[in-house]
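Here is the file upload.pdb (PDB, C-alpha atoms).
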```pdb
ATOM      1  CA  MET A 258     -53.103   5.976   6.940
ATOM      2  CA  ALA A 259     -50.668   8.385   5.337
ATOM      3  CA  ALA A 260     -50.544  10.431   8.517
ATOM      4  CA  THR A 261     -49.731   7.312  10.568
ATOM      5  CA  ALA A 262     -47.004   6.361   8.134
ATOM      6  CA  HIS A 263     -45.560   9.848   8.315
ATOM      7  CA  ALA A 264     -45.644   9.834  12.113
ATOM      8  CA  ALA A 265     -43.676   6.588  12.048
ATOM      9  CA  THR A 266     -41.071   8.292   9.846
ATOM     10  CA  VAL A 267     -40.698  11.336  12.063
ATOM     11  CA  GLU A 268     -40.401   9.173  15.158
ATOM     12  CA  HIS A 269     -37.033   7.916  13.907
ATOM     13  CA  LYS A 270     -34.416   8.801  16.462
ATOM     14  CA  HIS A 271     -32.329  11.749  15.331
ATOM     15  CA  PRO A 272     -28.757  11.380  16.574
ATOM     16  CA  ASN A 273     -26.668  14.479  17.237
ATOM     17  CA  TYR A 274     -25.591  15.132  13.662
ATOM     18  CA  MET A 275     -22.789  17.523  14.650
ATOM     19  CA  ASN A 276     -21.157  14.690  16.634
ATOM     20  CA  ILE A 277     -21.355  12.485  13.536
ATOM     21  CA  PHE A 278     -19.836  15.315  11.477
ATOM     22  CA  TRP A 279     -16.913  15.688  13.905
ATOM     23  CA  ALA A 280     -16.379  11.916  13.985
ATOM     24  CA  LEU A 281     -16.155  11.851  10.167
ATOM     25  CA  ALA A 282     -13.913  14.934  10.043
ATOM     26  CA  ILE A 283     -11.542  13.476  12.671
ATOM     27  CA  LEU A 284     -11.431  10.087  10.912
ATOM     28  CA  THR A 285     -10.540  11.899   7.647
ATOM     29  CA  VAL A 286      -7.701  13.767   9.384
ATOM     30  CA  VAL A 287      -6.485  10.453  10.881
ATOM     31  CA  GLU A 288      -6.476   8.976   7.337
ATOM     32  CA  LEU A 289      -4.323  11.866   6.134
ATOM     33  CA  ILE A 290      -1.920  11.268   9.042
ATOM     34  CA  VAL A 291      -1.764   7.492   8.441
ATOM     35  CA  ILE A 292      -0.277   7.905   4.952
ATOM     36  CA  PHE A 293       2.813   9.504   6.529
ATOM     37  CA  LEU A 294       3.294   6.776   9.183
ATOM     38  CA  PRO A 295       6.409   4.625   8.747
ATOM     39  CA  PHE A 296       4.667   1.242   9.248
ATOM     40  CA  GLY A 297       5.111  -0.014   5.692
ATOM     41  CA  LYS A 298       2.658  -0.337   2.826
ATOM     42  CA  VAL A 299       0.699  -3.332   4.116
ATOM     43  CA  THR A 300       0.050  -1.989   7.637
ATOM     44  CA  ASN A 301      -0.752   1.512   6.372
ATOM     45  CA  GLY A 302      -3.043  -0.005   3.719
ATOM     46  CA  ALA A 303      -4.874  -2.118   6.294
ATOM     47  CA  LEU A 304      -5.277   0.917   8.571
ATOM     48  CA  LEU A 305      -6.617   3.057   5.701
ATOM     49  CA  CYS A 306      -9.084   0.317   4.668
ATOM     50  CA  ALA A 307     -10.298  -0.014   8.269
ATOM     51  CA  LEU A 308     -10.719   3.770   8.584
ATOM     52  CA  ALA A 309     -12.604   3.982   5.254
ATOM     53  CA  LEU A 310     -14.944   1.164   6.290
ATOM     54  CA  ALA A 311     -15.484   2.831   9.682
ATOM     55  CA  LYS A 312     -16.400   6.133   7.977
ATOM     56  CA  ALA A 313     -18.705   4.366   5.509
ATOM     57  CA  ALA A 314     -20.377   2.530   8.410
ATOM     58  CA  VAL A 315     -20.920   5.810  10.312
ATOM     59  CA  VAL A 316     -22.527   7.407   7.220
ATOM     60  CA  ALA A 317     -24.769   4.374   6.610
ATOM     61  CA  MET A 318     -25.780   3.893  10.249
ATOM     62  CA  TYR A 319     -26.463   7.502  11.267
ATOM     63  CA  PHE A 320     -26.934   9.653   8.136
ATOM     64  CA  MET A 321     -28.834   6.914   6.277
ATOM     65  CA  HIS A 322     -30.553   5.876   9.542
ATOM     66  CA  LEU A 323     -29.695   2.221   9.002
ATOM     67  CA  ARG A 324     -29.184   1.800  12.741
ATOM     68  CA  PHE A 325     -32.827   2.641  13.327
ATOM     69  CA  GLU A 326     -34.223   0.452  10.541
ATOM     70  CA  VAL A 327     -35.088  -3.255  10.583
ATOM     71  CA  ARG A 328     -32.211  -5.710  10.224
ATOM     72  CA  THR A 329     -33.344  -6.977   6.807
ATOM     73  CA  LEU A 330     -32.547  -3.566   5.326
ATOM     74  CA  ALA A 331     -29.023  -3.780   6.734
ATOM     75  CA  LEU A 332     -28.672  -7.160   4.999
ATOM     76  CA  ILE A 333     -29.689  -5.541   1.687
ATOM     77  CA  ALA A 334     -27.142  -2.790   2.316
ATOM     78  CA  ILE A 335     -24.248  -5.091   3.203
ATOM     79  CA  THR A 336     -24.723  -7.507   0.276
ATOM     80  CA  PRO A 337     -22.774  -5.358  -2.267
ATOM     81  CA  LEU A 338     -19.776  -5.250   0.085
ATOM     82  CA  LEU A 339     -19.712  -9.049   0.232
ATOM     83  CA  ILE A 340     -20.089  -9.301  -3.560
ATOM     84  CA  ALA A 341     -17.236  -6.820  -4.147
ATOM     85  CA  THR A 342     -14.986  -8.655  -1.666
ATOM     86  CA  LEU A 343     -15.723 -11.982  -3.354
ATOM     87  CA  LEU A 344     -15.051 -10.391  -6.727
ATOM     88  CA  ILE A 345     -11.493  -9.514  -5.685
ATOM     89  CA  PHE A 346     -10.786 -13.215  -5.058
ATOM     90  CA  VAL A 347     -12.485 -14.163  -8.328
ATOM     91  CA  LEU A 348     -10.408 -11.650 -10.302
ATOM     92  CA  LEU A 349      -7.032 -12.190  -8.618
ATOM     93  CA  PRO A 350      -6.140 -15.478 -10.409
ATOM     94  CA  ASP A 351      -6.710 -13.731 -13.763
ATOM     95  CA  GLY A 352      -4.483 -10.851 -12.755
ATOM     96  CA  PHE A 353      -1.645 -13.090 -11.611
ATOM     97  CA  ALA A 354      -2.010 -15.240 -14.736
ATOM     98  CA  VAL A 355      -1.302 -12.148 -16.860
ATOM     99  CA  ALA A 356       1.706 -11.245 -14.700
ATOM    100  CA  HIS A 357       2.966 -14.825 -15.075
ATOM    101  CA  LYS A 358       2.657 -14.656 -18.875
ATOM    102  CA  SER A 359       4.539 -11.362 -19.001
ATOM    103  CA  ASP A 360       7.361 -13.055 -17.012
ATOM    104  CA  ILE A 361       7.560 -15.719 -19.710
ATOM    105  CA  ARG A 362       7.662 -13.007 -22.367
ATOM    106  CA  LYS A 363      10.555 -11.383 -20.587
ATOM    107  CA  GLY A 364      12.387 -14.732 -20.741
ATOM    108  CA  ALA A 365      11.828 -15.128 -24.472
ATOM    109  CA  PRO A 366      11.501 -11.636 -25.966
ATOM    110  CA  ALA A 367      12.214 -12.585 -29.554
ATOM    111  CA  ALA A 368       9.528 -15.290 -29.792
ATOM    112  CA  SER A 369       6.977 -13.096 -28.051
ATOM    113  CA  GLU A 370       7.646 -10.030 -30.212
ATOM    114  CA  GLY A 371       7.352 -12.166 -33.315
ATOM    115  CA  LYS A 372       3.906 -13.349 -32.276
ATOM    116  CA  HIS A 373       2.507  -9.920 -31.446
TER     117      HIS A 373
ATOM    118  CA  MET B  13     -64.284 -11.133  11.110
ATOM    119  CA  SER B  14     -64.043 -11.282   7.352
ATOM    120  CA  GLN B  15     -63.865  -7.496   7.316
ATOM    121  CA  VAL B  16     -60.861  -7.601   9.638
ATOM    122  CA  ALA B  17     -59.219 -10.201   7.414
ATOM    123  CA  THR B  18     -59.783  -8.010   4.368
ATOM    124  CA  MET B  19     -58.299  -4.993   6.132
ATOM    125  CA  HIS B  20     -55.320  -7.041   7.239
ATOM    126  CA  ALA B  21     -54.744  -8.225   3.695
ATOM    127  CA  ALA B  22     -54.993  -4.647   2.458
ATOM    128  CA  VAL B  23     -52.367  -3.516   4.960
ATOM    129  CA  GLU B  24     -50.060  -6.330   3.935
ATOM    130  CA  THR B  25     -50.168  -5.421   0.268
ATOM    131  CA  ALA B  26     -49.849  -1.676   0.863
ATOM    132  CA  GLU B  27     -46.886  -1.777   3.234
ATOM    133  CA  THR B  28     -43.514  -3.414   3.154
ATOM    134  CA  PRO B  29     -42.351  -4.944   6.441
ATOM    135  CA  VAL B  30     -38.781  -3.827   5.689
ATOM    136  CA  THR B  31     -39.584  -0.128   5.342
ATOM    137  CA  PRO B  32     -43.102   0.402   6.770
ATOM    138  CA  GLU B  33     -42.977   4.111   5.855
ATOM    139  CA  SER B  34     -42.991   3.584   2.100
ATOM    140  CA  TRP B  35     -42.224   1.269  -0.776
ATOM    141  CA  GLY B  36     -40.205   4.115  -2.277
ATOM    142  CA  LYS B  37     -37.663   3.868   0.507
ATOM    143  CA  LEU B  38     -37.234   0.138  -0.045
ATOM    144  CA  GLY B  39     -36.969   0.811  -3.776
ATOM    145  CA  MET B  40     -34.199   3.361  -3.199
ATOM    146  CA  TRP B  41     -32.298   0.955  -0.926
ATOM    147  CA  ILE B  42     -32.486  -1.795  -3.539
ATOM    148  CA  PHE B  43     -31.364   0.656  -6.240
ATOM    149  CA  LEU B  44     -28.460   1.778  -4.039
ATOM    150  CA  ALA B  45     -27.466  -1.829  -3.364
ATOM    151  CA  GLY B  46     -27.333  -2.402  -7.139
ATOM    152  CA  ASP B  47     -25.407   0.815  -7.658
ATOM    153  CA  ALA B  48     -23.002  -0.195  -4.887
ATOM    154  CA  VAL B  49     -22.314  -3.441  -6.756
ATOM    155  CA  GLY B  50     -21.353  -1.262  -9.761
ATOM    156  CA  PHE B  51     -18.940   0.842  -7.705
ATOM    157  CA  GLY B  52     -17.715  -2.247  -5.837
ATOM    158  CA  THR B  53     -16.930  -3.939  -9.140
ATOM    159  CA  LEU B  54     -15.025  -0.886 -10.388
ATOM    160  CA  LEU B  55     -13.001  -0.607  -7.173
ATOM    161  CA  ALA B  56     -12.345  -4.354  -6.970
ATOM    162  CA  GLY B  57     -11.202  -4.299 -10.617
ATOM    163  CA  TYR B  58      -8.990  -1.301  -9.839
ATOM    164  CA  GLY B  59      -7.439  -3.113  -6.874
ATOM    165  CA  VAL B  60      -6.672  -6.243  -8.875
ATOM    166  CA  MET B  61      -5.223  -4.291 -11.833
ATOM    167  CA  ARG B  62      -3.031  -2.354  -9.445
ATOM    168  CA  ALA B  63      -1.909  -5.421  -7.480
ATOM    169  CA  THR B  64      -0.858  -7.219 -10.639
ATOM    170  CA  SER B  65       0.776  -4.271 -12.423
ATOM    171  CA  ALA B  66       4.540  -3.793 -12.380
ATOM    172  CA  ASP B  67       4.552  -0.041 -13.084
ATOM    173  CA  TRP B  68       1.462   1.326 -11.350
ATOM    174  CA  PRO B  69       2.284   4.887 -10.191
ATOM    175  CA  ASN B  70       1.852   5.868  -6.547
ATOM    176  CA  PRO B  71      -1.485   7.793  -6.703
ATOM    177  CA  TYR B  72      -0.575   9.966  -3.728
ATOM    178  CA  ASP B  73       2.546  11.307  -5.517
ATOM    179  CA  VAL B  74       0.885  11.708  -8.920
ATOM    180  CA  LEU B  75      -2.593  13.010  -8.125
ATOM    181  CA  GLY B  76      -1.979  15.029  -4.970
ATOM    182  CA  ILE B  77      -4.513  14.978  -2.150
ATOM    183  CA  ASN B  78      -4.874  18.577  -0.968
ATOM    184  CA  LEU B  79      -7.755  19.382  -3.307
ATOM    185  CA  THR B  80      -9.440  16.004  -2.873
ATOM    186  CA  ALA B  81      -9.203  16.281   0.921
ATOM    187  CA  VAL B  82     -11.142  19.567   0.624
ATOM    188  CA  MET B  83     -13.645  17.828  -1.689
ATOM    189  CA  THR B  84     -14.078  15.031   0.885
ATOM    190  CA  PHE B  85     -14.704  17.572   3.627
ATOM    191  CA  LEU B  86     -17.215  19.347   1.372
ATOM    192  CA  LEU B  87     -19.233  16.169   0.805
ATOM    193  CA  ILE B  88     -19.270  15.400   4.544
ATOM    194  CA  CYS B  89     -20.585  18.949   5.163
ATOM    195  CA  SER B  90     -23.240  18.488   2.476
ATOM    196  CA  SER B  91     -24.388  15.271   4.167
ATOM    197  CA  VAL B  92     -24.857  17.237   7.404
ATOM    198  CA  THR B  93     -26.898  19.932   5.630
ATOM    199  CA  MET B  94     -28.995  17.145   4.061
ATOM    200  CA  VAL B  95     -29.940  15.628   7.432
ATOM    201  CA  LYS B  96     -30.599  19.138   8.764
ATOM    202  CA  ALA B  97     -33.010  19.756   5.849
ATOM    203  CA  LEU B  98     -34.897  16.595   6.775
ATOM    204  CA  GLU B  99     -34.894  17.546  10.449
ATOM    205  CA  TRP B 100     -36.425  20.967   9.691
ATOM    206  CA  LEU B 101     -38.976  19.385   7.387
ATOM    207  CA  GLY B 102     -39.953  17.032  10.226
ATOM    208  CA  LYS B 103     -40.453  20.083  12.448
ATOM    209  CA  GLY B 104     -42.691  21.625   9.794
ATOM    210  CA  ASP B 105     -40.333  24.486   8.842
ATOM    211  CA  ARG B 106     -40.522  24.421   5.063
ATOM    212  CA  HIS B 107     -38.426  27.560   4.554
ATOM    213  CA  ARG B 108     -35.402  26.331   6.551
ATOM    214  CA  ALA B 109     -35.686  22.861   4.981
ATOM    215  CA  GLN B 110     -35.502  24.420   1.507
ATOM    216  CA  TRP B 111     -32.437  26.483   2.446
ATOM    217  CA  PHE B 112     -30.626  23.406   3.780
ATOM    218  CA  LEU B 113     -31.535  21.487   0.625
ATOM    219  CA  PHE B 114     -30.083  24.403  -1.330
ATOM    220  CA  TYR B 115     -26.830  24.322   0.711
ATOM    221  CA  THR B 116     -26.598  20.580   0.018
ATOM    222  CA  ALA B 117     -27.062  21.065  -3.722
ATOM    223  CA  LEU B 118     -24.555  23.933  -3.646
ATOM    224  CA  GLY B 119     -21.992  21.673  -1.925
ATOM    225  CA  GLY B 120     -22.524  19.086  -4.664
ATOM    226  CA  ALA B 121     -22.178  21.713  -7.410
ATOM    227  CA  ILE B 122     -18.906  22.993  -5.904
ATOM    228  CA  PHE B 123     -17.665  19.391  -5.625
ATOM    229  CA  VAL B 124     -18.304  18.747  -9.334
ATOM    230  CA  SER B 125     -16.649  22.086 -10.237
ATOM    231  CA  LEU B 126     -13.545  21.166  -8.222
ATOM    232  CA  GLN B 127     -13.467  17.766  -9.903
ATOM    233  CA  ALA B 128     -13.632  19.443 -13.323
ATOM    234  CA  TYR B 129     -10.710  21.681 -12.250
ATOM    235  CA  GLU B 130      -8.739  18.638 -11.052
ATOM    236  CA  TRP B 131      -9.386  16.720 -14.291
ATOM    237  CA  THR B 132      -8.321  19.711 -16.423
ATOM    238  CA  HIS B 133      -5.136  20.071 -14.414
ATOM    239  CA  LEU B 134      -4.297  16.348 -14.694
ATOM    240  CA  ILE B 135      -5.104  16.224 -18.426
ATOM    241  CA  GLU B 136      -2.725  19.185 -18.953
ATOM    242  CA  ARG B 137      -0.042  17.190 -17.121
ATOM    243  CA  GLY B 138      -0.547  14.277 -19.530
ATOM    244  CA  LEU B 139      -2.979  11.953 -17.720
ATOM    245  CA  HIS B 140      -5.389  10.583 -20.314
ATOM    246  CA  ILE B 141      -8.018   7.853 -20.427
ATOM    247  CA  ASN B 142      -5.697   5.742 -22.591
ATOM    248  CA  GLY B 143      -2.385   6.429 -20.910
ATOM    249  CA  ASN B 144      -0.304   8.394 -18.475
ATOM    250  CA  PRO B 145       3.295   9.619 -18.369
ATOM    251  CA  TRP B 146       4.052   7.860 -15.052
ATOM    252  CA  GLY B 147       3.542   4.193 -15.973
ATOM    253  CA  ALA B 148       0.624   1.803 -16.499
ATOM    254  CA  SER B 149      -1.910   3.201 -18.963
ATOM    255  CA  LEU B 150      -4.743   1.462 -17.071
ATOM    256  CA  PHE B 151      -4.095   3.923 -14.245
ATOM    257  CA  GLY B 152      -5.489   6.745 -16.406
ATOM    258  CA  THR B 153      -8.384   4.575 -17.618
ATOM    259  CA  SER B 154      -9.450   3.506 -14.126
ATOM    260  CA  PHE B 155      -8.955   6.979 -12.631
ATOM    261  CA  PHE B 156     -11.217   8.722 -15.145
ATOM    262  CA  LEU B 157     -13.745   5.875 -15.170
ATOM    263  CA  VAL B 158     -14.224   5.669 -11.392
ATOM    264  CA  THR B 159     -14.060   9.403 -10.581
ATOM    265  CA  GLY B 160     -16.180  10.170 -13.666
ATOM    266  CA  PHE B 161     -18.827   7.603 -12.671
ATOM    267  CA  HIS B 162     -18.933   9.153  -9.194
ATOM    268  CA  GLY B 163     -18.997  12.704 -10.605
ATOM    269  CA  LEU B 164     -22.011  11.746 -12.742
ATOM    270  CA  HIS B 165     -23.736  10.510  -9.583
ATOM    271  CA  VAL B 166     -23.042  13.840  -7.841
ATOM    272  CA  THR B 167     -24.347  15.756 -10.880
ATOM    273  CA  GLY B 168     -27.499  13.605 -10.871
ATOM    274  CA  GLY B 169     -27.783  14.202  -7.119
ATOM    275  CA  VAL B 170     -27.639  17.990  -7.545
ATOM    276  CA  ILE B 171     -30.476  17.817 -10.116
ATOM    277  CA  TYR B 172     -32.414  15.497  -7.776
ATOM    278  CA  LEU B 173     -31.979  17.931  -4.838
ATOM    279  CA  VAL B 174     -33.045  20.949  -6.897
ATOM    280  CA  SER B 175     -36.175  19.035  -7.917
ATOM    281  CA  MET B 176     -36.791  18.321  -4.202
ATOM    282  CA  ILE B 177     -36.604  22.076  -3.365
ATOM    283  CA  TRP B 178     -39.202  22.657  -6.063
ATOM    284  CA  MET B 179     -41.373  19.794  -4.791
ATOM    285  CA  VAL B 180     -41.247  21.017  -1.161
ATOM    286  CA  SER B 181     -42.431  24.455  -2.298
ATOM    287  CA  ARG B 182     -45.328  22.982  -4.306
ATOM    288  CA  ARG B 183     -46.804  20.579  -1.743
ATOM    289  CA  PRO B 184     -49.360  22.172   0.575
ATOM    290  CA  GLU B 185     -47.917  20.663   3.793
ATOM    291  CA  PRO B 186     -44.191  20.280   4.625
ATOM    292  CA  ALA B 187     -44.982  16.833   6.088
ATOM    293  CA  ALA B 188     -46.229  15.666   2.675
ATOM    294  CA  SER B 189     -42.693  15.896   1.253
ATOM    295  CA  TYR B 190     -40.901  14.290   4.226
ATOM    296  CA  ASN B 191     -40.776  10.793   2.767
ATOM    297  CA  ALA B 192     -39.599  11.934  -0.679
ATOM    298  CA  VAL B 193     -36.860  14.122   0.841
ATOM    299  CA  GLU B 194     -35.740  11.269   3.108
ATOM    300  CA  ILE B 195     -35.411   9.031   0.023
ATOM    301  CA  ALA B 196     -33.429  11.761  -1.788
ATOM    302  CA  GLY B 197     -31.242  11.997   1.314
ATOM    303  CA  LEU B 198     -30.484   8.272   1.122
ATOM    304  CA  TYR B 199     -29.173   8.796  -2.412
ATOM    305  CA  TRP B 200     -27.095  11.799  -1.372
ATOM    306  CA  HIS B 201     -25.505  10.048   1.625
ATOM    307  CA  PHE B 202     -24.725   7.079  -0.607
ATOM    308  CA  VAL B 203     -22.813   9.394  -2.968
ATOM    309  CA  ASP B 204     -20.878  10.650   0.075
ATOM    310  CA  LEU B 205     -20.230   7.073   1.235
ATOM    311  CA  VAL B 206     -18.919   6.053  -2.190
ATOM    312  CA  TRP B 207     -16.587   9.054  -2.269
ATOM    313  CA  ILE B 208     -15.148   7.984   1.113
ATOM    314  CA  MET B 209     -14.201   4.653  -0.508
ATOM    315  CA  VAL B 210     -12.978   6.248  -3.773
ATOM    316  CA  PHE B 211     -10.868   8.786  -1.869
ATOM    317  CA  THR B 212      -9.219   6.034   0.161
ATOM    318  CA  PHE B 213      -8.691   3.471  -2.603
ATOM    319  CA  MET B 214      -7.763   5.807  -5.483
ATOM    320  CA  TYR B 215      -5.911   8.624  -3.721
ATOM    321  CA  LEU B 216      -4.560   7.515  -0.333
ATOM    322  CA  LEU B 217      -3.606   3.852  -0.770
TER     323      LEU B 217
END
```

Please go through the file and, once you have read it, give me the structure as structure tokens.
Amino acid sequence: MAATAHAATVEHKHPNYMNIFWALAILTVVELIVIFLPFGKVTNGALLCALALAKAAVVAMYFMHLRFEVRTLALIAITPLLIATLLIFVLLPDGFAVAHKSDIRKGAPAASEGKH
Amino acid sequence: MSQVATMHAAVETAETPVTPESWGKLGMWIFLAGDAVGFGTLLAGYGVMRATSADWPNPYDVLGINLTAVMTFLLICSSVTMVKALEWLGKGDRHRAQWFLFYTALGGAIFVSLQAYEWTHLIERGLHINGNPWGASLFGTSFFLVTGFHGLHVTGGVIYLVSMIWMVSRRPEPAASYNAVEIAGLYWHFVDLVWIMVFTFMYLL
């Protein structure tokens, strides 16, 4: 039984790990180049996010062998990303509410300073 | 017939359909998913604090990226040595597998040392957990919290890998440690994956 289970493990396809290494190294160099591009903060930010997600996906799919596992495991793996993305939208109203309050404070410094 | 049914039931309870190799692997994936929620929460919180702050410093100007780029490269290399260790173990070469596990642990140890050097340097320049000389004090708090949480994971990973070297040497057959080393590898690659996100969100953006 244990031997069969082990055989199943070894039979995982092994991709060419040096190719994966070069892909990650090149993507890192591209990231370092992107920060100097004159496209503006939003475009550069979007590019950097896309590159980071691409690198993370390469690590998960090939180094963590997710590509060769059943799909349910990929669903387990991707859940935190969805939760974190949702969390940004949950937190944003709070953040902007604080910024809004500080604008009011700027308008009435004396009253605000008295309170705090 | 009933014997077949009993055997079938036994197989069902002993194996998980998600990771037929072992329950341990499924356990590690679930742990990593939980851990990823922790890191995701920290990074999402960081993003929101930064987006809504008026005086958040530009991390690239303040922190510098030369050292951290080297650290990123180091972790990528250590991920390669980790998969190589597993590959050699699969081929039954215990000695080579142990050396590659050692290289992986060494990469992690150097990473943590470089992070300690970076922290010392930044603390000397005035970056503290409760403030920084370049603007929003939450910048210092979030920087030390996120990089510290990741550094603790790397430190734990180095200890985990050293224990794997010891385990591989103790088990009679190299194949007997394959599953445990694969599970340790999942943890190590996850630490690498998280650093890719931390490097982008806390240093480059």

Item to check | Non-local contacts of region 320-329 of chain A (9 Å; only C-alpha atoms; under 2 positions in same chain excluded) as a list in words | outcome: His269, Lys270, His271, Pro272, Tyr274, Ile277, Val315, Val316, Ala317, Met318, Ala331, Leu332, Ile333 and Ala334 of chain A; Pro29, Val30, Thr31, Ser91, Val92, Met94, Val95, Glu194, Gly197, Leu198, Tyr199, His201 and Phe202 of chain B

Checklist entry - On this structure, which residues satisfy the PyMOL selection byres ((chain B and resi 41) around 8), written as a list in words? => result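 Evaluating the PyMOL selection byres ((chain B and resi 41) around 8) on this file yields Leu330, Ile333 and Ala334 of chain A; Lys37, Leu38, Gly39, Met40, Ile42, Phe43, Leu44, Ala45 and Leu198 of chain B.
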
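Taking CA of Leu294 (chain A) as the reference point, CA of Asp204 (chain B) is found at 26.1 Å.
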
Next on the checklist: Could you tell me, as a ChimeraX atom specification, exactly which residues end up selected when the PyMOL selection byres ((chain B and resi 74) around 10) is applied to this structure?
Outcome noted: /B:69-73,75-77,134,137,139,145-146,215

Checklist outcome for this item: re CA of Thr84 (chain B) and CA of Gly36 (chain B): distance 28.5 Å

Item to check | Interatomic distance (Å, one decimal) between CA of Tyr190 (chain B) and CA of Gly102 (chain B) | outcome: 6.7 Å

Item to check | Output of the PyMOL selection byres ((chain B and resi 110-118) around 9), listed as a ChimeraX atom specification | outcome: /B:87,89-98,100-101,105-109,119-123,169-174,176-178,180-181,200

Next on the checklist: Using all atoms listed in the file for the distances, tell me which of B:Leu126, B:Val49, B:Leu217, B:Ala188 is nearest to Gly297 (chain A).
Outcome noted: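 Of B:Leu126, B:Val49, B:Leu217, B:Ala188, the one nearest Gly297 (chain A) is B:Leu217, counting all atoms listed in the file.
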
Checklist entry - Which one is closest to chain A: B:Thr132, B:Thr28, B:Ser65, B:Ser125? Count all atoms listed in the file. => result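 Of B:Thr132, B:Thr28, B:Ser65, B:Ser125, the one nearest chain A, counting all atoms listed in the file, is B:Ser65.
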
Next on the checklist: Nearest residue to chain B out of A:Ala341, A:Ile290, A:Ala314, A:Ala303, using only C-alpha atoms?
Outcome noted: A:Ala341
